[in-house]
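Engineer: Structure provided below as structure tokens; questions to follow.
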Amino acid sequence: MALTLTDLPHITNIKHSIEPLWAGDAGRNANSGKYTGTFIGFFDKLTVDVGITTQNQLKTIRDAIEKSIIPSVSFKDTKTGNTKTENFYGTAISVDTLNYKKGLYKPFSFSLVAISKRS
């Protein structure tokens, strides 16, 4: 089953970008100052902003995102304007408490990077 990010609680914004990825041998050449290395490809990246959440809402988000691989994430591709489904690496979510007694958490963001490069 596909995960549609907008179905998660209190998502306020989803930013889609296409980022270049370089291999570990990338860096500036000391003599010429040029950036050199092995270019791997362009990968989809999603930056997701979340508003104030309760403890249960945060658990729902963490259950969906804190995995090694998140299969079939649906999002709007800003390059084409169409809905796209892609597999993403999961990520750990770090949040700050807004009100400990009420179980509220401050707004936070997390990023997801696609597993496969763009065609």
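Ordering of the structure tokens sets the chain letters (A, B, ...), residue numbers begin anew at 1 in every chain, and ligands are numbered from 1 in the order given.
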Determine, counting only C-alpha atoms, which protein, DNA and RNA residues have an atom within 6 Å of an atom of range 88-100 of chain A; residues of the same chain fewer than 2 positions away are not included. Present the result as a PDB file with N, CA and C atoms, in the first residue's frame.

Structural biologist:
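part-v4.pdb, written as the output of this step:
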ATOM      1  N   ILE A  65       7.534   6.660   9.009  1.00  0.00           N
ATOM      2  CA  ILE A  65       8.775   7.218   8.474  1.00  0.00           C
ATOM      3  C   ILE A  65      10.034   6.556   9.024  1.00  0.00           C
ATOM      4  N   GLU A  66      10.019   6.148  10.275  1.00  0.00           N
ATOM      5  CA  GLU A  66      11.228   5.597  10.891  1.00  0.00           C
ATOM      6  C   GLU A  66      11.365   4.110  10.561  1.00  0.00           C
ATOM      7  N   LYS A  67      11.724   3.860   9.312  1.00  0.00           N
ATOM      8  CA  LYS A  67      11.966   2.520   8.789  1.00  0.00           C
ATOM      9  C   LYS A  67      13.243   2.581   7.957  1.00  0.00           C
ATOM     10  N   SER A  68      13.825   1.442   7.673  1.00  0.00           N
ATOM     11  CA  SER A  68      15.018   1.471   6.828  1.00  0.00           C
ATOM     12  C   SER A  68      14.649   1.878   5.405  1.00  0.00           C
ATOM     13  N   ILE A  69      13.516   1.364   4.907  1.00  0.00           N
ATOM     14  CA  ILE A  69      13.040   1.715   3.565  1.00  0.00           C
ATOM     15  C   ILE A  69      11.543   1.960   3.650  1.00  0.00           C
ATOM     16  N   ILE A  70      11.097   3.047   3.051  1.00  0.00           N
ATOM     17  CA  ILE A  70       9.663   3.352   2.994  1.00  0.00           C
ATOM     18  C   ILE A  70       9.212   3.074   1.564  1.00  0.00           C
ATOM     19  N   LYS A 102       0.735  18.354  28.406  1.00  0.00           N
ATOM     20  CA  LYS A 102      -0.328  18.125  27.426  1.00  0.00           C
ATOM     21  C   LYS A 102       0.106  17.163  26.322  1.00  0.00           C
ATOM     22  N   GLY A 103       1.365  16.761  26.327  1.00  0.00           N
ATOM     23  CA  GLY A 103       1.869  15.849  25.310  1.00  0.00           C
ATOM     24  C   GLY A 103       1.912  16.464  23.922  1.00  0.00           C
ATOM     25  N   LEU A 104       2.322  17.736  23.846  1.00  0.00           N
ATOM     26  CA  LEU A 104       2.407  18.432  22.556  1.00  0.00           C
ATOM     27  C   LEU A 104       3.863  18.623  22.149  1.00  0.00           C
ATOM     28  N   TYR A 105       4.087  18.555  20.831  1.00  0.00           N
ATOM     29  CA  TYR A 105       5.432  18.695  20.291  1.00  0.00           C
ATOM     30  C   TYR A 105       5.496  19.865  19.323  1.00  0.00           C
ATOM     31  N   LYS A 106       6.645  20.538  19.318  1.00  0.00           N
ATOM     32  CA  LYS A 106       6.864  21.679  18.430  1.00  0.00           C
ATOM     33  C   LYS A 106       6.869  21.237  16.974  1.00  0.00           C
ATOM     34  N   VAL A 113      15.134  10.793   0.977  1.00  0.00           N
ATOM     35  CA  VAL A 113      15.873  10.715  -0.278  1.00  0.00           C
ATOM     36  C   VAL A 113      15.497   9.413  -0.970  1.00  0.00           C
ATOM     37  N   ALA A 114      15.205   9.509  -2.259  1.00  0.00           N
ATOM     38  CA  ALA A 114      14.797   8.335  -3.040  1.00  0.00           C
ATOM     39  C   ALA A 114      15.930   7.323  -3.140  1.00  0.00           C
ATOM     40  N   ILE A 115      15.539   6.074  -3.262  1.00  0.00           N
ATOM     41  CA  ILE A 115      16.509   4.991  -3.394  1.00  0.00           C
ATOM     42  C   ILE A 115      17.040   4.920  -4.824  1.00  0.00           C
TER      43      ILE A 115
END

Engineer: Check range 13-63 of chain A with DSSP on the backbone and list each residue it calls alpha helix (DSSP H), as number ranges by chain.

Structural biologist: A: 55-63

Engineer: Just checking: using only C-alpha atoms, which residue out of A:Ser109, A:Gln55, A:Ser74, A:Thr38 ends up closest to Asn13 in chain A?

Structural biologist: A:Ser109

Engineer: Near Asp49 in chain A, within 9 Å and counting only C-alpha atoms, which residues show up once chain neighbours fewer than 6 positions away are dropped, as a list in words?

Structural biologist: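 Contacts, in chain order: His10, Ile11, Thr12, Asn13, Ile14, Lys15, Pro107, Phe108, Ser109, Phe110 and Ser111 of chain A.
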
Engineer: Could the residues in this selection be written to a file with C-alpha atoms, as a short mmCIF file (atom, residue, chain, number, x, y, z; two decimals), in the first residue's frame?

Structural biologist:
data_model
loop_
_atom_site.label_atom_id
_atom_site.label_comp_id
_atom_site.auth_asym_id
_atom_site.auth_seq_id
_atom_site.Cartn_x
_atom_site.Cartn_y
_atom_site.Cartn_z
CA HIS A 10 -0.44 17.89 10.53
CA ILE A 11 1.69 17.96 7.38
CA THR A 12 1.97 21.67 6.54
CA ASN A 13 4.26 21.59 3.51
CA ILE A 14 6.06 19.15 1.22
CA LYS A 15 8.97 20.46 -0.81
CA PRO A 107 6.72 21.86 14.63
CA PHE A 108 9.54 19.92 12.93
CA SER A 109 10.80 18.84 9.51
CA PHE A 110 12.31 15.70 8.07
CA SER A 111 13.85 14.81 4.71
#

Engineer: So which bits of range 1-88 of chain A end up strand (DSSP E or B) when you DSSP the backbone, as number ranges by chain?

Structural biologist: A: 3-4, 11-22, 27-28, 35-36, 39-50, 53-54, 69-76, 83-88

Engineer: Please save N, CA and C atoms of the selected residues as a compact mmCIF listing (two decimals), in the first residue's frame.

Structural biologist:
# COMPACT_ATOMS: atom_id res chain seq x y z
N LEU A 3 2.16 5.03 0.62
CA LEU A 3 2.06 6.03 1.67
C LEU A 3 1.93 7.39 1.00
N THR A 4 0.80 8.04 1.21
CA THR A 4 0.61 9.40 0.72
C THR A 4 0.94 10.34 1.88
N ILE A 11 0.70 17.60 8.39
CA ILE A 11 1.69 17.96 7.38
C ILE A 11 1.33 19.35 6.86
N THR A 12 2.26 20.29 6.96
CA THR A 12 1.97 21.67 6.54
C THR A 12 2.55 22.01 5.18
N ASN A 13 3.63 21.30 4.79
CA ASN A 13 4.26 21.59 3.51
C ASN A 13 5.13 20.41 3.08
N ILE A 14 5.16 20.15 1.78
CA ILE A 14 6.06 19.15 1.22
C ILE A 14 6.82 19.82 0.08
N LYS A 15 8.13 19.87 0.23
CA LYS A 15 8.97 20.46 -0.81
C LYS A 15 9.67 19.33 -1.56
N HIS A 16 9.50 19.30 -2.86
CA HIS A 16 10.15 18.30 -3.70
C HIS A 16 11.29 18.96 -4.44
N SER A 17 12.45 18.33 -4.39
CA SER A 17 13.59 18.82 -5.17
C SER A 17 14.31 17.63 -5.78
N ILE A 18 15.13 17.93 -6.75
CA ILE A 18 15.92 16.91 -7.42
C ILE A 18 17.38 17.24 -7.12
N GLU A 19 18.05 16.35 -6.39
CA GLU A 19 19.39 16.62 -5.90
C GLU A 19 20.43 15.73 -6.57
N PRO A 20 21.61 16.28 -6.88
CA PRO A 20 22.69 15.45 -7.42
C PRO A 20 23.35 14.66 -6.30
N LEU A 21 23.82 13.48 -6.63
CA LEU A 21 24.54 12.65 -5.66
C LEU A 21 25.88 12.25 -6.25
N TRP A 22 26.93 12.44 -5.45
CA TRP A 22 28.29 12.14 -5.86
C TRP A 22 28.83 10.99 -5.02
N GLY A 27 35.22 15.77 -4.54
CA GLY A 27 35.83 16.84 -3.77
C GLY A 27 36.53 17.83 -4.68
N ARG A 28 37.09 18.84 -4.10
CA ARG A 28 37.83 19.85 -4.86
C ARG A 28 39.24 19.36 -5.13
N TYR A 35 35.77 20.94 -8.97
CA TYR A 35 35.08 19.88 -8.26
C TYR A 35 35.15 18.63 -9.13
N THR A 36 35.70 17.55 -8.60
CA THR A 36 35.84 16.32 -9.37
C THR A 36 35.27 15.15 -8.58
N PHE A 39 29.99 11.18 -10.52
CA PHE A 39 28.60 11.59 -10.41
C PHE A 39 27.73 10.34 -10.50
N ILE A 40 26.88 10.13 -9.50
CA ILE A 40 26.03 8.94 -9.46
C ILE A 40 24.71 9.19 -10.19
N GLY A 41 24.12 10.35 -9.98
CA GLY A 41 22.86 10.66 -10.64
C GLY A 41 22.05 11.66 -9.85
N PHE A 42 20.85 11.97 -10.35
CA PHE A 42 19.93 12.86 -9.66
C PHE A 42 18.88 12.03 -8.94
N PHE A 43 18.58 12.42 -7.70
CA PHE A 43 17.63 11.69 -6.87
C PHE A 43 16.56 12.64 -6.35
N ASP A 44 15.33 12.12 -6.25
CA ASP A 44 14.24 12.90 -5.64
C ASP A 44 14.52 13.07 -4.16
N LYS A 45 14.24 14.28 -3.66
CA LYS A 45 14.35 14.55 -2.23
C LYS A 45 13.08 15.26 -1.80
N LEU A 46 12.51 14.81 -0.71
CA LEU A 46 11.33 15.44 -0.15
C LEU A 46 11.68 16.01 1.21
N THR A 47 11.33 17.27 1.44
CA THR A 47 11.46 17.89 2.75
C THR A 47 10.04 18.13 3.24
N VAL A 48 9.70 17.51 4.36
CA VAL A 48 8.34 17.52 4.86
C VAL A 48 8.29 18.33 6.15
N ASP A 49 7.42 19.35 6.19
CA ASP A 49 7.22 20.17 7.37
C ASP A 49 5.96 19.69 8.09
N VAL A 50 6.07 19.56 9.41
CA VAL A 50 4.97 19.09 10.23
C VAL A 50 4.68 20.14 11.29
N THR A 53 2.12 18.69 16.98
CA THR A 53 1.51 17.36 17.02
C THR A 53 1.32 16.89 18.45
N THR A 54 0.38 15.98 18.61
CA THR A 54 0.19 15.31 19.89
C THR A 54 1.08 14.07 19.90
N ILE A 69 13.52 1.36 4.91
CA ILE A 69 13.04 1.72 3.56
C ILE A 69 11.54 1.96 3.65
N ILE A 70 11.10 3.05 3.05
CA ILE A 70 9.66 3.35 2.99
C ILE A 70 9.21 3.07 1.56
N PRO A 71 8.46 1.99 1.36
CA PRO A 71 8.06 1.66 -0.01
C PRO A 71 6.88 2.50 -0.48
N SER A 72 6.87 2.79 -1.74
CA SER A 72 5.71 3.39 -2.42
C SER A 72 5.19 4.66 -1.78
N VAL A 73 6.04 5.68 -1.70
CA VAL A 73 5.63 6.99 -1.19
C VAL A 73 5.10 7.80 -2.38
N SER A 74 3.88 8.29 -2.25
CA SER A 74 3.27 9.11 -3.31
C SER A 74 3.46 10.59 -2.99
N PHE A 75 3.83 11.36 -4.01
CA PHE A 75 4.03 12.80 -3.86
C PHE A 75 3.84 13.46 -5.21
N LYS A 76 3.69 14.78 -5.20
CA LYS A 76 3.55 15.53 -6.45
C LYS A 76 4.93 15.91 -6.96
N THR A 83 1.44 13.09 -10.00
CA THR A 83 1.70 12.30 -8.81
C THR A 83 2.69 11.20 -9.18
N LYS A 84 3.69 11.03 -8.33
CA LYS A 84 4.74 10.04 -8.57
C LYS A 84 4.83 9.16 -7.33
N THR A 85 5.17 7.90 -7.54
CA THR A 85 5.37 6.97 -6.43
C THR A 85 6.80 6.45 -6.51
N GLU A 86 7.49 6.52 -5.38
CA GLU A 86 8.91 6.19 -5.33
C GLU A 86 9.21 5.54 -3.98
N ASN A 87 10.25 4.72 -3.91
CA ASN A 87 10.73 4.17 -2.64
C ASN A 87 11.78 5.12 -2.07
N PHE A 88 11.71 5.36 -0.77
CA PHE A 88 12.63 6.29 -0.10
C PHE A 88 13.33 5.61 1.06

Engineer: Using only C-alpha atoms, which of the listed residues (A:Ala64, A:Arg118, A:Lys34, A:Leu8) sits closest to Asp77 in chain A?

Structural biologist: A:Arg118
